[in-house]
Amino acid sequence: MIALLDAPFEPAEALKRFEADAVGAGAIVSFSGHVRPQAASGPVTSLYLQAHSPLTERGIEAAADTARERWPLTSLAILHRTGKMAPGEAIVFVATASAHRRAAFEAADYLMDYLKTEAVFWKKETGPRGEAWIEPRGEDYADRRRWG
Amino acid sequence: MIALLDAPFEPAEALKRFEADAVGAGAIVSFSGHVRPQAASGPVTSLYLQAHSPLTERGIEAAADTARERWPLTSLAILHRTGKMAPGEAIVFVATASAHRRAAFEAADYLMDYLKTEAVFWKKETGPRGEAWIEPRGEDYADRRRWG
Amino acid sequence: MAAFLYFGRLMDVAGGHREARTLPASVRDTMSLRAWLDEVHAAPGVFSDPAVRFAINDEIVADAGELADTDEIAVMPPVGGG
Amino acid sequence: MAAFLYFGRLMDVAGGHREARTLPASVRDTMSLRAWLDEVHAAPGVFSDPAVRFAINDEIVADAGELADTDEIAVMPPVGGG
């Protein structure tokens, strides 16, 4: 279950579908990232995400393949929004399932580091002070380097 | 939202309630642990978990307090089953919310390590070969020691 | 009389979850309790195992924790849920 | 004519997401493309910045990747979603 979505989705519903897929797993980890009403720069009224298909999908598939090679996952899901989002809306959902929890935690963490730093998306915040394109934080690159 | 439950629950529904609680967070991590149909010892037909109230609840509350001190969490939930469970049923649900993902991931991981090694529960597996009480694996203790 | 609560595999050793027993005068802390439980349950070494812990009136105690004959004594093998 | 696709903040620099331009004969790889884009968009240093990357016909290329005047050229600032 890997998809780019241009309309709002519910992480809890995505988890419900994922659980059906992951029957038999001992450990399921989910991550959802949401538009925050406050950014470093001030209040945020909307977030816009631009992708470049099919590069974006191809990159995410490759990261998923790496995660599957690196950890004994029984299921994996990645949903990622594009387009304009309001505060609170889900931007990204990652779920991993495995027999034991360590693999599920590490693979979800790895996939999020990929999505934050290497996935082919461009992000624009809009607030009372206007619009600004946001590029990854130094912290995001540092997280990504943990995986070698 | 910290509770011991003696009847089945749905992690996806727990996540839905948690999201309502965590509005404004940028990152939400959930973990659910499920009864596996296969254990090291062979097939599992049921799992039984025994708690000792109020020691069990008090220990979980203390671990939650430690997590809240250690990471900037905006919300936290822990649900844990007791009693007899069938394969596939959720044993435990942990959810954490924070502004950024690192805190949410680490706190969920920390809480699960606590629940696996120090939480006051005793676990019995039943299968075709009979019943066996299961104590934590060496791997679980090693995970727990990562947090110092 | 002290109230004993046995948990996990120790329920099997003790033959049940709950029992009431009069503590002999010589058993007034958890160290002497261990040896005495090994004896009354004919289970040498089982309760002397330091991995077995006690909670006295809902407080986990380290050896050698004091005991009275009116206490509730939880007898607990290594814990771990999830 | 080459088809240019600009992404992120580079849409603002280029004045739009998509445009068609004839590549001069001197621009046949991504290194010479960088200097030329700085010039045509009157944006010194913006496209020469090594953080800007190119995808030619949906394949990300490193410098100096070859170009033809019939290519689709995606011009991409640093990426990162979530």
# chains A, B, ... in the order shown; residues from 1 in each chain; ligands from 1
call {"tool": "residues_around", "arguments": {"residues": "region 100-104 of chain B", "least_positions_apart": "2", "cutoff": "9 Å", "atoms": "only C-alpha atoms", "output": "list in words"}}
result
Phe31, Ser32, Gly33, Asp109, Met112 and Asp143 of chain A; Ala25, Gly26, Ala27, Ile28, Val29, Ser30, Arg70, Trp71, Pro72, Leu73, Ala95, Thr96, Ala97, Ser98, Glu106, Ala107, Ala108 and Asp109 of chain B
call {"tool": "select_by_dssp", "arguments": {"residues": "chain D", "states": "alpha helix (DSSP H)", "output": "PDB file with all heavy atoms, in the first residue's frame"}}
result
ATOM      1  N   ARG D   9      10.611  26.600  -4.864  1.00  0.00           N
ATOM      2  CA  ARG D   9      10.915  28.036  -4.973  1.00  0.00           C
ATOM      3  C   ARG D   9      11.413  28.426  -6.357  1.00  0.00           C
ATOM      4  O   ARG D   9      11.359  29.608  -6.723  1.00  0.00           O
ATOM      5  CB  ARG D   9      11.916  28.460  -3.896  1.00  0.00           C
ATOM      6  CG  ARG D   9      13.261  27.764  -3.980  1.00  0.00           C
ATOM      7  CD  ARG D   9      14.227  28.282  -2.906  1.00  0.00           C
ATOM      8  NE  ARG D   9      15.303  27.342  -2.646  1.00  0.00           N
ATOM      9  CZ  ARG D   9      16.418  27.206  -3.394  1.00  0.00           C
ATOM     10  NH1 ARG D   9      16.612  27.968  -4.464  1.00  0.00           N
ATOM     11  NH2 ARG D   9      17.338  26.316  -3.063  1.00  0.00           N
ATOM     12  N   LEU D  10      11.883  27.448  -7.143  1.00  0.00           N
ATOM     13  CA  LEU D  10      12.376  27.789  -8.482  1.00  0.00           C
ATOM     14  C   LEU D  10      11.236  28.141  -9.426  1.00  0.00           C
ATOM     15  O   LEU D  10      11.464  28.789 -10.464  1.00  0.00           O
ATOM     16  CB  LEU D  10      13.244  26.662  -9.045  1.00  0.00           C
ATOM     17  CG  LEU D  10      14.494  26.367  -8.191  1.00  0.00           C
ATOM     18  CD1 LEU D  10      15.292  25.216  -8.796  1.00  0.00           C
ATOM     19  CD2 LEU D  10      15.366  27.620  -8.035  1.00  0.00           C
ATOM     20  N   MET D  11       9.986  27.748  -9.101  1.00  0.00           N
ATOM     21  CA  MET D  11       8.835  28.221  -9.875  1.00  0.00           C
ATOM     22  C   MET D  11       8.720  29.731  -9.769  1.00  0.00           C
ATOM     23  O   MET D  11       8.372  30.407 -10.747  1.00  0.00           O
ATOM     24  CB  MET D  11       7.527  27.599  -9.354  1.00  0.00           C
ATOM     25  CG  MET D  11       7.418  26.115  -9.600  1.00  0.00           C
ATOM     26  SD  MET D  11       5.689  25.568  -9.467  1.00  0.00           S
ATOM     27  CE  MET D  11       5.362  25.910  -7.738  1.00  0.00           C
ATOM     28  N   ASP D  12       8.985  30.251  -8.555  1.00  0.00           N
ATOM     29  CA  ASP D  12       8.891  31.700  -8.358  1.00  0.00           C
ATOM     30  C   ASP D  12       9.982  32.414  -9.156  1.00  0.00           C
ATOM     31  O   ASP D  12       9.741  33.453  -9.773  1.00  0.00           O
ATOM     32  CB  ASP D  12       9.016  32.045  -6.862  1.00  0.00           C
ATOM     33  CG  ASP D  12       7.953  31.352  -6.007  1.00  0.00           C
ATOM     34  OD1 ASP D  12       6.913  30.937  -6.577  1.00  0.00           O
ATOM     35  OD2 ASP D  12       8.156  31.219  -4.783  1.00  0.00           O
ATOM     36  N   VAL D  13      11.195  31.829  -9.151  1.00  0.00           N
ATOM     37  CA  VAL D  13      12.310  32.439  -9.887  1.00  0.00           C
ATOM     38  C   VAL D  13      12.023  32.431 -11.387  1.00  0.00           C
ATOM     39  O   VAL D  13      12.245  33.421 -12.090  1.00  0.00           O
ATOM     40  CB  VAL D  13      13.635  31.694  -9.598  1.00  0.00           C
ATOM     41  CG1 VAL D  13      14.785  32.265 -10.432  1.00  0.00           C
ATOM     42  CG2 VAL D  13      13.963  31.720  -8.103  1.00  0.00           C
ATOM     43  N   ALA D  14      11.490  31.299 -11.869  1.00  0.00           N
ATOM     44  CA  ALA D  14      11.274  31.145 -13.315  1.00  0.00           C
ATOM     45  C   ALA D  14       9.948  31.763 -13.755  1.00  0.00           C
ATOM     46  O   ALA D  14       9.682  31.870 -14.956  1.00  0.00           O
ATOM     47  CB  ALA D  14      11.316  29.664 -13.687  1.00  0.00           C
ATOM     48  N   THR D  30      24.368  19.590 -18.191  1.00  0.00           N
ATOM     49  CA  THR D  30      23.753  20.295 -17.058  1.00  0.00           C
ATOM     50  C   THR D  30      24.662  21.391 -16.503  1.00  0.00           C
ATOM     51  O   THR D  30      24.160  22.363 -15.931  1.00  0.00           O
ATOM     52  CB  THR D  30      23.369  19.306 -15.942  1.00  0.00           C
ATOM     53  OG1 THR D  30      24.513  18.528 -15.594  1.00  0.00           O
ATOM     54  CG2 THR D  30      22.252  18.374 -16.396  1.00  0.00           C
ATOM     55  N   MET D  31      25.988  21.265 -16.669  1.00  0.00           N
ATOM     56  CA  MET D  31      26.866  22.331 -16.175  1.00  0.00           C
ATOM     57  C   MET D  31      26.648  23.608 -16.970  1.00  0.00           C
ATOM     58  O   MET D  31      26.474  24.685 -16.394  1.00  0.00           O
ATOM     59  CB  MET D  31      28.345  21.913 -16.269  1.00  0.00           C
ATOM     60  CG  MET D  31      28.803  20.974 -15.158  1.00  0.00           C
ATOM     61  SD  MET D  31      28.438  21.565 -13.475  1.00  0.00           S
ATOM     62  CE  MET D  31      29.831  22.654 -13.200  1.00  0.00           C
ATOM     63  N   SER D  32      26.651  23.502 -18.297  1.00  0.00           N
ATOM     64  CA  SER D  32      26.441  24.714 -19.097  1.00  0.00           C
ATOM     65  C   SER D  32      24.990  25.193 -18.949  1.00  0.00           C
ATOM     66  O   SER D  32      24.706  26.397 -19.024  1.00  0.00           O
ATOM     67  CB  SER D  32      26.807  24.473 -20.565  1.00  0.00           C
ATOM     68  OG  SER D  32      26.181  23.301 -21.045  1.00  0.00           O
ATOM     69  N   LEU D  33      24.072  24.250 -18.688  1.00  0.00           N
ATOM     70  CA  LEU D  33      22.669  24.622 -18.455  1.00  0.00           C
ATOM     71  C   LEU D  33      22.532  25.540 -17.238  1.00  0.00           C
ATOM     72  O   LEU D  33      21.776  26.519 -17.251  1.00  0.00           O
ATOM     73  CB  LEU D  33      21.837  23.349 -18.236  1.00  0.00           C
ATOM     74  CG  LEU D  33      20.356  23.547 -17.917  1.00  0.00           C
ATOM     75  CD1 LEU D  33      19.615  24.142 -19.119  1.00  0.00           C
ATOM     76  CD2 LEU D  33      19.703  22.229 -17.498  1.00  0.00           C
ATOM     77  N   ARG D  34      23.274  25.222 -16.163  1.00  0.00           N
ATOM     78  CA  ARG D  34      23.173  26.022 -14.930  1.00  0.00           C
ATOM     79  C   ARG D  34      23.497  27.501 -15.222  1.00  0.00           C
ATOM     80  O   ARG D  34      22.729  28.398 -14.833  1.00  0.00           O
ATOM     81  CB  ARG D  34      24.157  25.497 -13.874  1.00  0.00           C
ATOM     82  CG  ARG D  34      23.754  24.154 -13.275  1.00  0.00           C
ATOM     83  CD  ARG D  34      24.833  23.649 -12.298  1.00  0.00           C
ATOM     84  NE  ARG D  34      24.507  22.320 -11.790  1.00  0.00           N
ATOM     85  CZ  ARG D  34      23.672  22.076 -10.761  1.00  0.00           C
ATOM     86  NH1 ARG D  34      23.074  23.076 -10.152  1.00  0.00           N
ATOM     87  NH2 ARG D  34      23.432  20.846 -10.380  1.00  0.00           N
ATOM     88  N   ALA D  35      24.623  27.723 -15.893  1.00  0.00           N
ATOM     89  CA  ALA D  35      25.046  29.097 -16.171  1.00  0.00           C
ATOM     90  C   ALA D  35      24.022  29.792 -17.068  1.00  0.00           C
ATOM     91  O   ALA D  35      23.669  30.965 -16.873  1.00  0.00           O
ATOM     92  CB  ALA D  35      26.426  29.079 -16.833  1.00  0.00           C
ATOM     93  N   TRP D  36      23.531  29.055 -18.025  1.00  0.00           N
ATOM     94  CA  TRP D  36      22.567  29.630 -18.972  1.00  0.00           C
ATOM     95  C   TRP D  36      21.244  29.991 -18.273  1.00  0.00           C
ATOM     96  O   TRP D  36      20.674  31.059 -18.512  1.00  0.00           O
ATOM     97  CB  TRP D  36      22.334  28.617 -20.112  1.00  0.00           C
ATOM     98  CG  TRP D  36      21.408  29.103 -21.195  1.00  0.00           C
ATOM     99  CD1 TRP D  36      21.659  30.091 -22.114  1.00  0.00           C
ATOM    100  CD2 TRP D  36      20.084  28.621 -21.460  1.00  0.00           C
ATOM    101  NE1 TRP D  36      20.582  30.253 -22.941  1.00  0.00           N
ATOM    102  CE2 TRP D  36      19.603  29.365 -22.559  1.00  0.00           C
ATOM    103  CE3 TRP D  36      19.279  27.639 -20.885  1.00  0.00           C
ATOM    104  CZ2 TRP D  36      18.324  29.145 -23.100  1.00  0.00           C
ATOM    105  CZ3 TRP D  36      18.034  27.420 -21.424  1.00  0.00           C
ATOM    106  CH2 TRP D  36      17.546  28.158 -22.511  1.00  0.00           C
ATOM    107  N   LEU D  37      20.763  29.118 -17.360  1.00  0.00           N
ATOM    108  CA  LEU D  37      19.510  29.407 -16.632  1.00  0.00           C
ATOM    109  C   LEU D  37      19.689  30.626 -15.717  1.00  0.00           C
ATOM    110  O   LEU D  37      18.795  31.463 -15.606  1.00  0.00           O
ATOM    111  CB  LEU D  37      19.051  28.192 -15.822  1.00  0.00           C
ATOM    112  CG  LEU D  37      18.477  27.025 -16.625  1.00  0.00           C
ATOM    113  CD1 LEU D  37      18.244  25.810 -15.717  1.00  0.00           C
ATOM    114  CD2 LEU D  37      17.170  27.417 -17.324  1.00  0.00           C
ATOM    115  N   ASP D  38      20.866  30.719 -15.059  1.00  0.00           N
ATOM    116  CA  ASP D  38      21.139  31.915 -14.239  1.00  0.00           C
ATOM    117  C   ASP D  38      20.951  33.165 -15.094  1.00  0.00           C
ATOM    118  O   ASP D  38      20.386  34.168 -14.638  1.00  0.00           O
ATOM    119  CB  ASP D  38      22.598  31.897 -13.733  1.00  0.00           C
ATOM    120  CG  ASP D  38      22.789  31.005 -12.498  1.00  0.00           C
ATOM    121  OD1 ASP D  38      21.791  30.432 -12.003  1.00  0.00           O
ATOM    122  OD2 ASP D  38      23.948  30.879 -12.045  1.00  0.00           O
ATOM    123  N   GLU D  39      21.416  33.078 -16.348  1.00  0.00           N
ATOM    124  CA  GLU D  39      21.390  34.226 -17.251  1.00  0.00           C
ATOM    125  C   GLU D  39      19.977  34.515 -17.765  1.00  0.00           C
ATOM    126  O   GLU D  39      19.484  35.641 -17.630  1.00  0.00           O
ATOM    127  CB  GLU D  39      22.331  33.920 -18.414  1.00  0.00           C
ATOM    128  CG  GLU D  39      22.735  35.109 -19.238  1.00  0.00           C
ATOM    129  CD  GLU D  39      23.571  34.629 -20.436  1.00  0.00           C
ATOM    130  OE1 GLU D  39      24.585  33.930 -20.213  1.00  0.00           O
ATOM    131  OE2 GLU D  39      23.164  34.913 -21.583  1.00  0.00           O
ATOM    132  N   VAL D  40      19.299  33.479 -18.286  1.00  0.00           N
ATOM    133  CA  VAL D  40      17.983  33.753 -18.900  1.00  0.00           C
ATOM    134  C   VAL D  40      16.966  34.183 -17.838  1.00  0.00           C
ATOM    135  O   VAL D  40      16.032  34.911 -18.149  1.00  0.00           O
ATOM    136  CB  VAL D  40      17.420  32.568 -19.734  1.00  0.00           C
ATOM    137  CG1 VAL D  40      18.342  32.236 -20.902  1.00  0.00           C
ATOM    138  CG2 VAL D  40      17.139  31.344 -18.894  1.00  0.00           C
TER     139      VAL D  40
END
call {"tool": "interface_residues", "arguments": {"of": "chain D", "to": "chain A", "cutoff": "9 Å", "atoms": "only C-alpha atoms", "output": "list in words"}}
result
Phe7, Gly8, Arg9, Ala55, Asp58, Glu59, Ile60, Ala74, Met76, Pro77, Pro78, Val79, Gly80, Gly81 and Gly82 of chain D
call {"tool": "write_last_selection", "arguments": {"atoms": "C-alpha atoms", "output": "mmCIF file, in the first residue's frame"}}
result
data_model
loop_
_atom_site.group_PDB
_atom_site.id
_atom_site.type_symbol
_atom_site.label_atom_id
_atom_site.label_comp_id
_atom_site.auth_asym_id
_atom_site.auth_seq_id
_atom_site.Cartn_x
_atom_site.Cartn_y
_atom_site.Cartn_z
ATOM 1 C CA PHE D 7 9.639 23.010 -8.803
ATOM 2 C CA GLY D 8 9.366 24.584 -5.377
ATOM 3 C CA ARG D 9 10.915 28.036 -4.973
ATOM 4 C CA ALA D 55 15.969 15.221 -13.878
ATOM 5 C CA ASP D 58 12.319 11.577 -15.418
ATOM 6 C CA GLU D 59 15.828 10.405 -14.514
ATOM 7 C CA ILE D 60 17.826 12.352 -11.944
ATOM 8 C CA ALA D 74 12.990 19.111 -14.387
ATOM 9 C CA MET D 76 14.589 20.891 -8.686
ATOM 10 C CA PRO D 77 15.613 22.629 -5.440
ATOM 11 C CA PRO D 78 16.369 20.481 -2.361
ATOM 12 C CA VAL D 79 13.531 18.040 -1.729
ATOM 13 C CA GLY D 80 11.872 16.876 1.483
ATOM 14 C CA GLY D 81 8.243 16.147 2.286
ATOM 15 C CA GLY D 82 6.520 14.889 5.449
#
call {"tool": "atom_distance", "arguments": {"atom1": "CA of Met1 (chain C)", "atom2": "CA of Ala43 (chain C)"}}
result
21.6 Å
call {"tool": "calpha_fit_and_write", "arguments": {"fixed": "chain B", "moving": "chain A", "output": "CSV table (one decimal) with C-alpha atoms, in the first residue's frame"}}
result
chain,number,residue,atom,x,y,z
A,1,MET,CA,-5.4,7.8,28.5
A,2,ILE,CA,-3.8,4.9,30.5
A,3,ALA,CA,-5.9,1.8,31.1
A,4,LEU,CA,-5.9,-1.9,31.7
A,5,LEU,CA,-8.7,-3.6,29.7
A,6,ASP,CA,-10.1,-7.1,30.2
A,7,ALA,CA,-11.9,-7.2,26.9
A,8,PRO,CA,-10.7,-6.9,23.3
A,9,PHE,CA,-10.1,-3.4,21.8
A,10,GLU,CA,-9.3,-2.1,18.4
A,11,PRO,CA,-5.9,-0.2,18.0
A,12,ALA,CA,-7.3,1.8,15.1
A,13,GLU,CA,-10.2,3.0,17.2
A,14,ALA,CA,-7.8,3.8,20.0
A,15,LEU,CA,-5.7,5.8,17.5
A,16,LYS,CA,-8.8,7.7,16.3
A,17,ARG,CA,-9.5,8.8,19.9
A,18,PHE,CA,-5.9,9.6,20.5
A,19,GLU,CA,-5.8,11.8,17.4
A,20,ALA,CA,-8.7,13.9,18.8
A,21,ASP,CA,-6.7,14.3,22.0
A,22,ALA,CA,-3.5,15.1,20.1
A,23,VAL,CA,-4.9,17.9,17.9
A,24,GLY,CA,-2.1,20.4,17.1
A,25,ALA,CA,0.7,17.8,17.3
A,26,GLY,CA,3.0,17.5,14.2
A,27,ALA,CA,3.9,13.8,14.8
A,28,ILE,CA,1.9,10.8,16.1
A,29,VAL,CA,3.4,7.4,16.6
A,30,SER,CA,1.4,4.3,17.6
A,31,PHE,CA,2.5,0.9,18.5
A,32,SER,CA,0.3,-2.2,18.8
A,33,GLY,CA,1.4,-5.6,19.9
A,34,HIS,CA,-0.7,-8.6,18.9
A,35,VAL,CA,-0.9,-12.2,19.9
A,36,ARG,CA,1.1,-14.1,17.3
A,37,PRO,CA,-0.3,-17.4,16.1
A,38,GLN,CA,3.2,-18.9,16.3
A,39,ALA,CA,5.7,-18.5,19.1
A,40,ALA,CA,9.2,-19.9,19.5
A,41,SER,CA,7.7,-22.9,21.2
A,42,GLY,CA,5.1,-23.7,18.5
A,43,PRO,CA,1.5,-22.7,17.6
A,44,VAL,CA,-0.3,-20.5,20.1
A,45,THR,CA,-4.1,-20.9,20.6
A,46,SER,CA,-4.4,-18.4,23.4
A,47,LEU,CA,-2.4,-16.0,25.6
A,48,TYR,CA,-3.3,-15.1,29.2
A,49,LEU,CA,-2.0,-12.0,30.9
A,50,GLN,CA,-2.2,-11.6,34.7
A,51,ALA,CA,-1.7,-8.2,36.3
A,52,HIS,CA,-1.5,-7.2,40.0
A,53,SER,CA,-3.5,-4.0,40.6
A,54,PRO,CA,-2.7,-1.4,41.7
A,55,LEU,CA,1.0,-2.2,41.3
A,56,THR,CA,0.6,-2.7,37.5
A,57,GLU,CA,-1.2,0.6,36.9
A,58,ARG,CA,1.2,2.5,39.3
A,59,GLY,CA,4.3,1.2,37.4
A,60,ILE,CA,2.8,2.1,34.0
A,61,GLU,CA,1.9,5.6,35.3
A,62,ALA,CA,5.5,6.0,36.5
A,63,ALA,CA,6.9,5.0,33.2
A,64,ALA,CA,4.5,7.5,31.5
A,65,ASP,CA,5.8,10.2,33.8
A,66,THR,CA,9.4,9.4,32.9
A,67,ALA,CA,8.6,9.6,29.2
A,68,ARG,CA,6.8,12.9,29.7
A,69,GLU,CA,9.9,14.3,31.5
A,70,ARG,CA,12.3,13.0,29.0
A,71,TRP,CA,10.6,14.0,25.8
A,72,PRO,CA,8.4,17.0,24.9
A,73,LEU,CA,5.2,15.0,24.5
A,74,THR,CA,1.8,16.7,23.9
A,75,SER,CA,-0.2,13.5,24.5
A,76,LEU,CA,0.4,9.9,25.5
A,77,ALA,CA,-1.8,6.8,25.6
A,78,ILE,CA,-1.2,3.3,26.9
A,79,LEU,CA,-3.8,0.6,26.8
A,80,HIS,CA,-2.9,-2.9,28.0
A,81,ARG,CA,-5.0,-6.1,27.9
A,82,THR,CA,-5.3,-8.6,30.7
A,83,GLY,CA,-7.0,-12.0,30.8
A,84,LYS,CA,-7.3,-14.5,27.9
A,85,MET,CA,-6.6,-13.4,24.3
A,86,ALA,CA,-6.9,-15.2,21.0
A,87,PRO,CA,-4.2,-14.9,18.2
A,88,GLY,CA,-4.4,-11.6,16.4
A,89,GLU,CA,-5.9,-9.7,19.3
A,90,ALA,CA,-4.2,-6.6,20.5
A,91,ILE,CA,-2.2,-7.0,23.7
A,92,VAL,CA,-0.9,-3.5,24.0
A,93,PHE,CA,-1.4,-0.1,22.4
A,94,VAL,CA,1.0,2.8,23.0
A,95,ALA,CA,0.6,6.2,21.3
A,96,THR,CA,2.7,9.4,21.6
A,97,ALA,CA,2.3,12.8,20.1
A,98,SER,CA,4.8,15.6,19.9
A,99,ALA,CA,5.7,18.6,17.7
A,100,HIS,CA,8.4,16.6,15.9
A,101,ARG,CA,8.8,13.0,15.1
A,102,ARG,CA,12.0,12.1,17.0
A,103,ALA,CA,10.4,12.6,20.4
A,104,ALA,CA,7.3,10.7,19.5
A,105,PHE,CA,9.3,7.7,18.1
A,106,GLU,CA,11.7,7.5,21.0
A,107,ALA,CA,9.1,7.8,23.7
A,108,ALA,CA,6.9,5.1,22.2
A,109,ASP,CA,10.0,2.8,21.8
A,110,TYR,CA,10.9,3.6,25.5
A,111,LEU,CA,7.4,2.8,26.8
A,112,MET,CA,7.3,-0.5,24.9
A,113,ASP,CA,10.7,-1.5,26.4
A,114,TYR,CA,9.4,-0.7,29.8
A,115,LEU,CA,6.2,-2.7,29.2
A,116,LYS,CA,8.1,-5.7,27.9
A,117,THR,CA,10.5,-6.0,30.8
A,118,GLU,CA,9.4,-4.1,33.9
A,119,ALA,CA,5.6,-3.7,33.7
A,120,VAL,CA,3.9,-5.9,36.3
A,121,PHE,CA,2.4,-8.6,34.0
A,122,TRP,CA,2.8,-12.4,33.8
A,123,LYS,CA,2.1,-14.1,30.5
A,124,LYS,CA,1.0,-17.7,29.8
A,125,GLU,CA,0.9,-19.2,26.3
A,126,THR,CA,-1.4,-22.1,25.5
A,127,GLY,CA,-0.9,-24.3,22.5
A,128,PRO,CA,-1.3,-27.9,21.4
A,129,ARG,CA,1.6,-28.8,23.7
A,130,GLY,CA,-0.1,-27.3,26.8
A,131,GLU,CA,0.5,-24.2,28.8
A,132,ALA,CA,3.7,-22.3,29.5
A,133,TRP,CA,4.5,-19.2,31.5
A,134,ILE,CA,6.7,-16.9,29.4
A,135,GLU,CA,9.3,-14.6,31.0
A,136,PRO,CA,11.1,-11.7,29.1
A,137,ARG,CA,13.7,-12.6,26.4
A,138,GLY,CA,17.3,-11.6,26.8
A,139,GLU,CA,16.7,-9.3,23.8
A,140,ASP,CA,13.9,-7.5,25.8
A,141,TYR,CA,16.3,-6.7,28.6
A,142,ALA,CA,19.0,-5.5,26.2
A,143,ASP,CA,16.4,-3.2,24.6
A,144,ARG,CA,15.5,-1.8,28.0
A,145,ARG,CA,19.1,-1.1,28.9
A,146,ARG,CA,19.5,1.2,25.9
A,147,TRP,CA,17.7,3.9,27.9
A,148,GLY,CA,20.1,3.9,30.9
call {"tool": "select_by_dssp", "arguments": {"residues": "region 4-44 of chain D", "states": "strand (DSSP E or B)", "output": "PyMOL selection string"}}
result
chain D and resi 4-6+18-21+29
call {"tool": "residues_around", "arguments": {"residues": "Ala68 (chain C)", "least_positions_apart": "5", "cutoff": "8 Å", "atoms": "only C-alpha atoms", "output": "list in words"}}
result
Ala2, Leu23 and Arg28 of chain C
call {"tool": "write_last_selection", "arguments": {"atoms": "N, CA, C and O atoms", "output": "PDB file, in the first residue's frame"}}
result
ATOM      1  N   ALA C   2      -1.081 -14.249  57.400  1.00  0.00           N
ATOM      2  CA  ALA C   2      -0.694 -13.417  56.267  1.00  0.00           C
ATOM      3  C   ALA C   2      -1.441 -13.924  55.034  1.00  0.00           C
ATOM      4  O   ALA C   2      -1.715 -15.120  54.917  1.00  0.00           O
ATOM      5  N   LEU C  23       2.474 -16.937  59.618  1.00  0.00           N
ATOM      6  CA  LEU C  23       3.944 -16.874  59.535  1.00  0.00           C
ATOM      7  C   LEU C  23       4.538 -17.336  60.862  1.00  0.00           C
ATOM      8  O   LEU C  23       4.157 -16.819  61.921  1.00  0.00           O
ATOM      9  N   ARG C  28      10.273 -13.143  59.683  1.00  0.00           N
ATOM     10  CA  ARG C  28       9.864 -11.746  59.843  1.00  0.00           C
ATOM     11  C   ARG C  28      10.508 -10.814  58.820  1.00  0.00           C
ATOM     12  O   ARG C  28      10.406  -9.597  58.913  1.00  0.00           O
TER      13      ARG C  28
END
call {"tool": "atom_distance", "arguments": {"atom1": "CA of Ser26 (chain D)", "atom2": "CA of Val46 (chain D)"}}
result
19.7 Å
call {"tool": "atom_distance", "arguments": {"atom1": "CA of Ala62 (chain C)", "atom2": "CA of Phe47 (chain C)"}}
result
13.9 Å
call {"tool": "closest_residue", "arguments": {"among": "D:Val75, D:Leu5, D:Val27, D:Ala20", "to": "Phe54 (chain D)", "atoms": "only C-alpha atoms"}}
result
D:Val75
